[in-house]
file data.cif (mmCIF, C-alpha atoms and all ligand atoms)
data_protein
loop_
_atom_site.label_atom_id
_atom_site.label_comp_id
_atom_site.auth_asym_id
_atom_site.auth_seq_id
_atom_site.Cartn_x
_atom_site.Cartn_y
_atom_site.Cartn_z
CA MET A 1 -8.58 -29.73 32.95
CA PRO A 2 -10.40 -28.13 35.87
CA GLU A 3 -9.00 -29.43 39.16
CA LEU A 4 -9.92 -28.69 42.77
CA PRO A 5 -9.06 -24.94 42.68
CA GLU A 6 -10.99 -24.37 39.45
CA VAL A 7 -14.05 -26.32 40.62
CA GLU A 8 -13.91 -24.61 44.04
CA THR A 9 -13.80 -21.21 42.32
CA ILE A 10 -16.80 -22.08 40.14
CA LYS A 11 -18.71 -23.25 43.22
CA ASN A 12 -17.83 -20.11 45.20
CA GLU A 13 -18.73 -17.76 42.36
CA LEU A 14 -21.97 -19.50 41.33
CA LEU A 15 -23.31 -20.02 44.83
CA PRO A 16 -24.68 -16.52 45.57
CA HIS A 17 -26.37 -16.37 42.16
CA ILE A 18 -28.09 -19.73 41.98
CA VAL A 19 -29.28 -20.64 45.46
CA GLY A 20 -33.04 -20.20 45.61
CA ARG A 21 -33.40 -20.07 41.81
CA ARG A 22 -35.96 -22.33 40.15
CA VAL A 23 -35.13 -24.33 37.03
CA THR A 24 -37.79 -23.15 34.59
CA SER A 25 -36.63 -25.24 31.65
CA VAL A 26 -33.66 -27.16 30.33
CA THR A 27 -32.15 -27.19 26.84
CA LEU A 28 -29.79 -30.01 25.89
CA PHE A 29 -27.84 -29.39 22.70
CA TRP A 30 -25.75 -32.51 23.41
CA GLU A 31 -27.71 -35.28 25.11
CA GLY A 32 -24.51 -37.24 25.76
CA LEU A 33 -23.91 -34.91 28.73
CA VAL A 34 -26.58 -36.73 30.74
CA ARG A 35 -25.22 -39.97 32.15
CA GLN A 36 -28.13 -40.75 34.45
CA PRO A 37 -31.20 -40.98 34.31
CA SER A 38 -32.63 -41.04 30.77
CA VAL A 39 -32.80 -37.68 29.03
CA LYS A 40 -36.59 -37.73 29.22
CA GLU A 41 -36.50 -38.35 32.95
CA PHE A 42 -33.74 -35.77 33.39
CA TYR A 43 -36.04 -33.09 31.99
CA SER A 44 -39.08 -34.14 33.97
CA ARG A 45 -37.26 -34.49 37.29
CA LEU A 46 -35.21 -31.29 37.00
CA ILE A 47 -37.67 -28.78 35.59
CA GLY A 48 -39.56 -26.96 38.33
CA GLN A 49 -36.98 -27.74 41.03
CA ARG A 50 -35.42 -25.05 43.14
CA LEU A 51 -31.63 -25.08 43.61
CA THR A 52 -31.11 -25.15 47.36
CA GLY A 53 -27.33 -25.44 47.63
CA LEU A 54 -24.06 -26.09 45.87
CA THR A 55 -21.04 -27.94 47.21
CA ARG A 56 -17.86 -29.46 45.80
CA ARG A 57 -16.43 -32.92 46.36
CA GLY A 58 -13.16 -33.63 44.55
CA LYS A 59 -13.72 -32.28 41.04
CA TYR A 60 -17.51 -32.75 41.22
CA LEU A 61 -20.06 -29.96 41.63
CA ILE A 62 -23.12 -31.06 43.61
CA PHE A 63 -26.30 -28.97 43.27
CA SER A 64 -28.97 -29.82 45.84
CA LEU A 65 -32.55 -29.63 44.66
CA SER A 66 -35.76 -28.88 46.54
CA SER A 67 -36.93 -32.47 45.86
CA GLY A 68 -34.00 -33.77 47.92
CA GLU A 69 -32.30 -35.09 44.79
CA VAL A 70 -28.94 -33.78 43.56
CA LEU A 71 -27.65 -32.67 40.19
CA ILE A 72 -23.98 -33.59 39.89
CA ILE A 73 -21.71 -32.08 37.25
CA HIS A 74 -18.18 -33.13 36.30
CA LEU A 75 -16.49 -30.72 33.89
CA ARG A 76 -13.88 -33.29 32.79
CA MET A 77 -11.36 -31.93 30.26
CA THR A 78 -12.80 -28.70 28.92
CA GLY A 79 -16.07 -27.87 30.69
CA SER A 80 -17.09 -24.49 32.13
CA LEU A 81 -20.32 -23.22 33.65
CA LEU A 82 -21.23 -19.71 32.58
CA LEU A 83 -23.88 -17.60 34.23
CA LYS A 84 -25.72 -15.54 31.62
CA PRO A 85 -28.76 -13.30 31.41
CA ALA A 86 -31.77 -14.98 29.80
CA SER A 87 -31.36 -12.69 26.79
CA ALA A 88 -27.77 -13.87 26.11
CA GLU A 89 -26.99 -15.51 22.81
CA VAL A 90 -26.05 -19.16 22.83
CA GLY A 91 -22.29 -19.13 22.38
CA LYS A 92 -20.04 -21.62 20.64
CA PHE A 93 -19.59 -25.00 22.37
CA ILE A 94 -22.64 -24.57 24.65
CA ARG A 95 -23.94 -28.12 25.22
CA ALA A 96 -26.74 -27.41 27.70
CA ILE A 97 -28.59 -24.54 29.34
CA LEU A 98 -30.40 -24.63 32.66
CA HIS A 99 -32.85 -21.76 32.38
CA LEU A 100 -33.46 -20.24 35.81
CA ASP A 101 -36.06 -17.79 37.07
CA LYS A 102 -35.06 -14.13 37.55
CA GLU A 103 -33.93 -14.06 33.92
CA THR A 104 -30.74 -16.03 34.26
CA GLY A 105 -29.34 -19.16 32.69
CA LEU A 106 -26.51 -21.54 33.44
CA HIS A 107 -24.68 -22.39 30.21
CA PHE A 108 -22.58 -25.57 30.10
CA ARG A 109 -19.73 -24.85 27.70
CA ASP A 110 -17.68 -27.88 26.71
CA PRO A 111 -15.63 -27.83 23.47
CA ARG A 112 -14.61 -31.50 23.69
CA LYS A 113 -17.92 -32.86 25.03
CA PHE A 114 -16.42 -34.99 27.82
CA GLY A 115 -18.46 -33.32 30.59
CA VAL A 116 -21.05 -35.36 32.46
CA MET A 117 -24.25 -34.66 34.45
CA TRP A 118 -26.10 -37.01 36.76
CA LEU A 119 -29.43 -36.48 38.49
CA VAL A 120 -29.56 -38.88 41.42
CA GLU A 121 -31.23 -39.29 44.78
CA ASP A 122 -28.00 -39.36 46.72
CA ALA A 123 -24.60 -37.88 45.82
CA SER A 124 -22.77 -40.78 47.43
CA ILE A 125 -23.84 -42.97 44.49
CA ILE A 126 -21.36 -41.02 42.36
CA VAL A 127 -18.71 -39.71 44.78
CA ASN A 128 -18.39 -42.59 47.26
CA LYS A 129 -15.08 -43.80 45.85
CA LEU A 130 -13.24 -40.50 46.32
CA GLY A 131 -10.34 -40.21 48.71
CA PRO A 132 -9.99 -37.50 51.37
CA GLU A 133 -10.39 -33.79 50.60
CA PRO A 134 -6.89 -32.32 50.77
CA LEU A 135 -8.01 -28.98 52.23
CA GLU A 136 -10.19 -30.33 54.98
CA ALA A 137 -9.01 -30.41 58.57
CA GLY A 138 -9.08 -34.20 58.63
CA PHE A 139 -6.39 -34.36 55.95
CA THR A 140 -3.30 -34.51 58.15
CA PRO A 141 0.25 -35.60 57.23
CA GLN A 142 -0.63 -38.90 58.92
CA VAL A 143 -3.58 -39.41 56.60
CA LEU A 144 -1.39 -38.71 53.57
CA ALA A 145 1.22 -41.14 54.91
CA GLN A 146 -1.45 -43.83 55.26
CA ARG A 147 -2.66 -43.24 51.69
CA LEU A 148 0.89 -43.64 50.35
CA ALA A 149 2.10 -46.46 52.59
CA ASN A 150 3.24 -49.55 50.65
CA ARG A 151 2.06 -48.06 47.34
CA THR A 152 4.27 -49.06 44.42
CA ALA A 153 2.90 -46.54 41.90
CA PRO A 154 4.79 -43.32 41.09
CA ILE A 155 3.87 -40.52 43.48
CA LYS A 156 2.73 -38.40 40.51
CA ALA A 157 0.15 -41.05 39.59
CA LEU A 158 -1.02 -41.44 43.19
CA LEU A 159 -1.57 -37.70 43.62
CA CYS A 160 -3.77 -37.74 40.50
CA ASP A 161 -5.65 -40.86 41.61
CA GLN A 162 -9.06 -39.70 42.86
CA PRO A 163 -9.66 -42.70 45.20
CA CYS A 164 -6.27 -41.95 46.79
CA ILE A 165 -6.77 -38.17 47.23
CA ALA A 166 -9.66 -36.18 45.78
CA GLY A 167 -9.39 -33.12 43.55
CA ILE A 168 -5.74 -33.03 42.49
CA GLY A 169 -4.91 -33.45 38.81
CA ASN A 170 -1.96 -33.05 36.51
CA MET A 171 -1.15 -29.38 37.09
CA TYR A 172 -1.31 -29.26 40.86
CA ALA A 173 0.40 -32.63 41.29
CA ASP A 174 3.40 -31.26 39.35
CA GLU A 175 3.38 -28.04 41.35
CA ALA A 176 3.11 -29.81 44.73
CA LEU A 177 5.92 -32.26 43.90
CA PHE A 178 8.18 -29.41 42.81
CA ALA A 179 7.40 -27.43 45.97
CA ALA A 180 8.22 -30.52 48.05
CA GLY A 181 11.37 -31.34 46.05
CA ILE A 182 10.14 -34.85 45.21
CA HIS A 183 10.75 -36.55 41.85
CA PRO A 184 7.45 -37.55 40.16
CA LEU A 185 8.66 -41.12 39.59
CA ARG A 186 9.46 -41.81 43.26
CA LEU A 187 7.22 -44.66 44.43
CA GLY A 188 4.49 -43.63 46.88
CA GLY A 189 5.63 -46.06 49.56
CA SER A 190 9.27 -44.94 49.31
CA LEU A 191 8.72 -41.44 50.75
CA ALA A 192 10.28 -40.78 54.14
CA SER A 193 7.96 -39.31 56.77
CA GLU A 194 9.69 -35.95 56.47
CA GLU A 195 9.06 -35.96 52.71
CA VAL A 196 5.40 -36.82 53.28
CA GLU A 197 5.15 -33.84 55.63
CA HIS A 198 6.71 -31.54 53.05
CA LEU A 199 4.39 -32.90 50.38
CA HIS A 200 1.35 -32.46 52.61
CA GLN A 201 2.29 -28.84 53.23
CA ALA A 202 3.05 -28.29 49.54
CA ILE A 203 -0.31 -29.73 48.42
CA GLN A 204 -2.25 -27.42 50.73
CA ARG A 205 -0.15 -24.37 49.89
CA VAL A 206 -0.39 -24.91 46.14
CA LEU A 207 -4.15 -25.52 46.22
CA TRP A 208 -4.95 -22.56 48.50
CA SER A 209 -2.79 -20.27 46.39
CA ALA A 210 -4.56 -21.38 43.21
CA ILE A 211 -7.97 -20.84 44.80
CA GLY A 212 -6.81 -17.35 45.79
CA ASN A 213 -5.96 -16.77 42.12
CA LYS A 214 -9.35 -18.17 40.99
CA GLY A 215 -7.93 -21.18 39.21
CA ALA A 216 -5.63 -21.64 36.23
CA SER A 217 -6.75 -20.82 32.69
CA VAL A 218 -4.20 -22.86 30.77
CA ASP A 219 -6.73 -24.20 28.27
CA SER A 220 -10.46 -23.65 28.26
CA TYR A 221 -11.28 -22.90 31.87
CA PHE A 222 -13.49 -19.88 32.46
CA ARG A 223 -15.02 -18.57 35.66
CA PRO A 224 -18.84 -18.27 35.69
CA ASP A 225 -18.71 -14.63 34.59
CA GLY A 226 -16.46 -15.54 31.65
CA ALA A 227 -13.28 -14.18 33.28
CA LEU A 228 -10.05 -16.16 33.36
CA GLY A 229 -8.22 -17.43 36.43
CA THR A 230 -4.63 -16.34 37.00
CA ALA A 231 -3.19 -19.26 39.00
CA HIS A 232 -1.10 -20.44 36.03
CA PHE A 233 1.00 -17.27 36.28
CA GLN A 234 2.28 -18.67 39.58
CA PHE A 235 3.19 -22.07 38.14
CA GLN A 236 6.81 -23.01 38.77
CA VAL A 237 7.00 -26.09 36.54
CA ALA A 238 3.54 -27.15 35.32
CA HIS A 239 3.02 -26.46 31.62
CA ARG A 240 6.41 -24.76 31.43
CA LEU A 241 7.13 -25.83 27.88
CA GLY A 242 10.04 -25.00 25.63
CA GLY A 243 13.21 -25.02 27.71
CA LYS A 244 11.95 -22.89 30.58
CA LEU A 245 14.34 -22.77 33.52
CA CYS A 246 13.72 -23.84 37.09
CA PRO A 247 12.94 -20.66 39.09
CA LEU A 248 15.05 -21.97 41.99
CA CYS A 249 18.23 -23.29 40.36
CA GLY A 250 18.12 -22.34 36.66
CA THR A 251 18.23 -25.93 35.38
CA PRO A 252 16.01 -26.51 32.30
CA ILE A 253 12.66 -28.00 33.30
CA GLU A 254 12.14 -31.50 31.94
CA ARG A 255 9.02 -33.18 30.68
CA ILE A 256 8.42 -36.90 31.02
CA VAL A 257 5.30 -39.02 30.66
CA VAL A 258 4.05 -40.74 33.83
CA ARG A 259 1.10 -43.09 33.26
CA ASN A 260 0.07 -41.15 30.15
CA ARG A 261 0.32 -37.77 31.85
CA GLY A 262 2.74 -35.10 30.71
CA THR A 263 4.79 -34.33 33.81
CA TYR A 264 7.07 -31.34 34.42
CA PHE A 265 9.82 -31.24 37.01
CA CYS A 266 13.30 -29.92 37.80
CA PRO A 267 15.86 -32.74 37.63
CA LYS A 268 18.10 -30.94 40.12
CA CYS A 269 15.59 -29.79 42.75
CA GLN A 270 13.67 -33.07 42.47
CA PRO A 271 16.41 -35.73 42.40
CA GLY A 272 15.58 -38.99 40.66
CA PRO A 273 14.51 -42.21 42.34
ZN ZN B 1 15.65 -26.56 40.17
#
call {"tool": "encode", "arguments": {"input": "data.cif", "output": "structure tokens", "more": "lines below"}}
Ligand SMILES: [Zn+2]
result
Amino acid sequence: MPELPEVETIKNELLPHIVGRRVTSVTLFWEGLVRQPSVKEFYSRLIGQRLTGLTRRGKYLIFSLSSGEVLIIHLRMTGSLLLKPASAEVGKFIRAILHLDKETGLHFRDPRKFGVMWLVEDASIIVNKLGPEPLEAGFTPQVLAQRLANRTAPIKALLCDQPCIAGIGNMYADEALFAAGIHPLRLGGSLASEEVEHLHQAIQRVLWSAIGNKGASVDSYFRPDGALGTAHFQFQVAHRLGGKLCPLCGTPIERIVVRNRGTYFCPKCQPGP
């Protein structure tokens, strides 16, 4: 599933190609992609608009439009946005195409069809419940400590909880907890302030490193030009199936399920609660 580094990479790589482009038409092969407004209204309000900007909030992509409205896209489990020439064939699993002027098109590829698009007047309607952005200056160890204080959920679940902290999902939560030496089942409120500081540092380091490697292509994540990210080659524990050993101590990596999420950790480097 695309997380903050994947969505940030898509935003960075699309931005120079789409700002200033006009949406000349829209093709929906899967109308279920459009959550809001109606499909009919989606077409009429989007076609003819110019894309004036693109930002990311959590795992959401926010396209600003010349009308002042915003098109918001969440890629969910398996979505990718591919930038193609107008002459390109429609590939497998393409659920929508935004046809742009200058002979380009934005193809929404989504094998499992969980992706969502909204066209709304104000992005806050969709993203107002998100927690702080972990790479912004305002996200200090103190802010993380406040988010975790008195929480009785496992730290793994809290890191993946978008209202608690935005943008982190299964892969980067596992990587950050390993880097900080914290067991995924430790309760959020049980972390000592020194552990919170280590975790804060680990979150930022893991996310920046993954952005530098253009995201992780463990399943169906592609960059807009169709290339793969390489962040998963740096993974220490996440998705390390089949008796892989901890890179630090050589203990076999274990997999447990935390709130329905497959969770990888080293039982020695991340001692149990
Ligand atoms: Zn270890």
call {"tool": "closest_residue", "arguments": {"input": "data.cif", "among": "A:Glu133, A:Glu254, A:Asp225, A:Asp161", "to": "A:His200", "atoms": "all atoms listed in the file"}}
result
A:Glu133
call {"tool": "closest_residue", "arguments": {"input": "data.cif", "among": "A:His17, A:Arg57, A:Pro247, A:Val218", "to": "A:Pro85", "atoms": "only C-alpha atoms"}}
result
A:His17
call {"tool": "residues_near_ligand", "arguments": {"input": "data.cif", "ligand": "ligand ZN 1 (chain B)", "cutoff": "12 Å", "atoms": "only C-alpha atoms and all ligand atoms", "output": "PyMOL selection string"}}
result
chain A and resi 177-183+236-237+244-254+264-271
call {"tool": "closest_residue", "arguments": {"input": "data.cif", "among": "A:Leu28, A:Ile155, A:Val127, A:Ile168", "to": "A:Arg109", "atoms": "all atoms listed in the file"}}
result
A:Leu28
call {"tool": "residues_around", "arguments": {"input": "data.cif", "residues": "A:Gly48", "least_positions_apart": "4", "cutoff": "10 Å", "atoms": "all atoms listed in the file", "output": "PDB file with C-alpha atoms, keeping the file's coordinate frame"}}
result
ATOM      1  CA  ARG A  21     -33.400 -20.070  41.810  1.00  0.00           C
ATOM      2  CA  ARG A  22     -35.960 -22.330  40.150  1.00  0.00           C
ATOM      3  CA  VAL A  23     -35.130 -24.330  37.030  1.00  0.00           C
ATOM      4  CA  THR A  24     -37.790 -23.150  34.590  1.00  0.00           C
ATOM      5  CA  SER A  25     -36.630 -25.240  31.650  1.00  0.00           C
ATOM      6  CA  VAL A  26     -33.660 -27.160  30.330  1.00  0.00           C
ATOM      7  CA  TYR A  43     -36.040 -33.090  31.990  1.00  0.00           C
ATOM      8  CA  SER A  44     -39.080 -34.140  33.970  1.00  0.00           C
ATOM      9  CA  LEU A  65     -32.550 -29.630  44.660  1.00  0.00           C
ATOM     10  CA  SER A  66     -35.760 -28.880  46.540  1.00  0.00           C
ATOM     11  CA  SER A  67     -36.930 -32.470  45.860  1.00  0.00           C
ATOM     12  CA  LEU A 100     -33.460 -20.240  35.810  1.00  0.00           C
ATOM     13  CA  ASP A 101     -36.060 -17.790  37.070  1.00  0.00           C
TER      14      ASP A 101
END
call {"tool": "closest_residue", "arguments": {"input": "data.cif", "among": "A:Glu3, A:Ala216, A:Ser80, A:Gly58", "to": "A:Cys164", "atoms": "all atoms listed in the file"}}
result
A:Gly58
call {"tool": "atom_distance", "arguments": {"input": "data.cif", "atom1": "atom CA of A:Lys92", "atom2": "atom CA of A:Thr52"}}
result
29.1 Å
call {"tool": "atom_distance", "arguments": {"input": "data.cif", "atom1": "atom CA of A:Leu228", "atom2": "atom CA of A:Gly215"}}
result
8.0 Å
call {"tool": "residues_around", "arguments": {"input": "data.cif", "residues": "stretch 11-15 of chain A", "least_positions_apart": "6", "cutoff": "10 Å", "atoms": "all atoms listed in the file", "output": "list in words"}}
result
Pro5, Leu51, Thr52, Gly53, Leu54, Thr55, Arg56, Tyr60, Leu61, Ile62, Phe63, Leu81, Leu82, Leu83, Leu106, Ile211, Lys214, Arg223, Pro224 and Asp225 of chain A
call {"tool": "write_last_selection", "arguments": {"input": "data.cif", "atoms": "C-alpha atoms", "output": "mmCIF file, in the coordinates of the input"}}
result
data_model
loop_
_atom_site.group_PDB
_atom_site.id
_atom_site.type_symbol
_atom_site.label_atom_id
_atom_site.label_comp_id
_atom_site.auth_asym_id
_atom_site.auth_seq_id
_atom_site.Cartn_x
_atom_site.Cartn_y
_atom_site.Cartn_z
ATOM 1 C CA PRO A 5 -9.060 -24.940 42.680
ATOM 2 C CA LEU A 51 -31.630 -25.080 43.610
ATOM 3 C CA THR A 52 -31.110 -25.150 47.360
ATOM 4 C CA GLY A 53 -27.330 -25.440 47.630
ATOM 5 C CA LEU A 54 -24.060 -26.090 45.870
ATOM 6 C CA THR A 55 -21.040 -27.940 47.210
ATOM 7 C CA ARG A 56 -17.860 -29.460 45.800
ATOM 8 C CA TYR A 60 -17.510 -32.750 41.220
ATOM 9 C CA LEU A 61 -20.060 -29.960 41.630
ATOM 10 C CA ILE A 62 -23.120 -31.060 43.610
ATOM 11 C CA PHE A 63 -26.300 -28.970 43.270
ATOM 12 C CA LEU A 81 -20.320 -23.220 33.650
ATOM 13 C CA LEU A 82 -21.230 -19.710 32.580
ATOM 14 C CA LEU A 83 -23.880 -17.600 34.230
ATOM 15 C CA LEU A 106 -26.510 -21.540 33.440
ATOM 16 C CA ILE A 211 -7.970 -20.840 44.800
ATOM 17 C CA LYS A 214 -9.350 -18.170 40.990
ATOM 18 C CA ARG A 223 -15.020 -18.570 35.660
ATOM 19 C CA PRO A 224 -18.840 -18.270 35.690
ATOM 20 C CA ASP A 225 -18.710 -14.630 34.590
#
call {"tool": "axis_aligned_box", "arguments": {"input": "data.cif", "around": "stretch 62-77 of chain A", "padding_each_side": "5 Å", "output": "AutoDock Vina command-line options"}}
result
--center_x -24.1 --center_y -32.0 --center_z 39.1 --size_x 35.6 --size_y 16.2 --size_z 27.7
call {"tool": "residues_around", "arguments": {"input": "data.cif", "residues": "A:Glu41", "least_positions_apart": "6", "cutoff": "12 Å", "atoms": "all atoms listed in the file", "output": "compact mmCIF listing (two decimals) with C-alpha atoms, in the coordinates of the input"}}
result
# COMPACT_ATOMS: atom_id res chain seq x y z
CA VAL A 26 -33.66 -27.16 30.33
CA VAL A 34 -26.58 -36.73 30.74
CA ARG A 35 -25.22 -39.97 32.15
CA ILE A 47 -37.67 -28.78 35.59
CA TRP A 118 -26.10 -37.01 36.76
CA LEU A 119 -29.43 -36.48 38.49
CA VAL A 120 -29.56 -38.88 41.42
call {"tool": "closest_residue", "arguments": {"input": "data.cif", "among": "A:Phe108, A:His232, A:Gln49, A:Pro37", "to": "A:Val19", "atoms": "only C-alpha atoms"}}
result
A:Gln49
call {"tool": "residues_around", "arguments": {"input": "data.cif", "residues": "stretch 146-148 of chain A", "least_positions_apart": "4", "cutoff": "9 Å", "atoms": "all atoms listed in the file", "output": "VMD selection string"}}
result
chain A and resid 131 141 to 142 152 155 158 164 to 165 187 to 191 196
call {"tool": "atom_distance", "arguments": {"input": "data.cif", "atom1": "atom CA of A:Ala157", "atom2": "atom CA of A:Arg186"}}
result
10.0 Å
call {"tool": "closest_residue", "arguments": {"input": "data.cif", "among": "A:Gly138, A:Ala88, A:Asn260, A:Ala173", "to": "A:Cys160", "atoms": "only C-alpha atoms"}}
result
A:Ala173
call {"tool": "residues_around", "arguments": {"input": "data.cif", "residues": "A:Leu33", "least_positions_apart": "6", "cutoff": "7 Å", "atoms": "all atoms listed in the file", "output": "ChimeraX atom specification"}}
result
/A:115-117
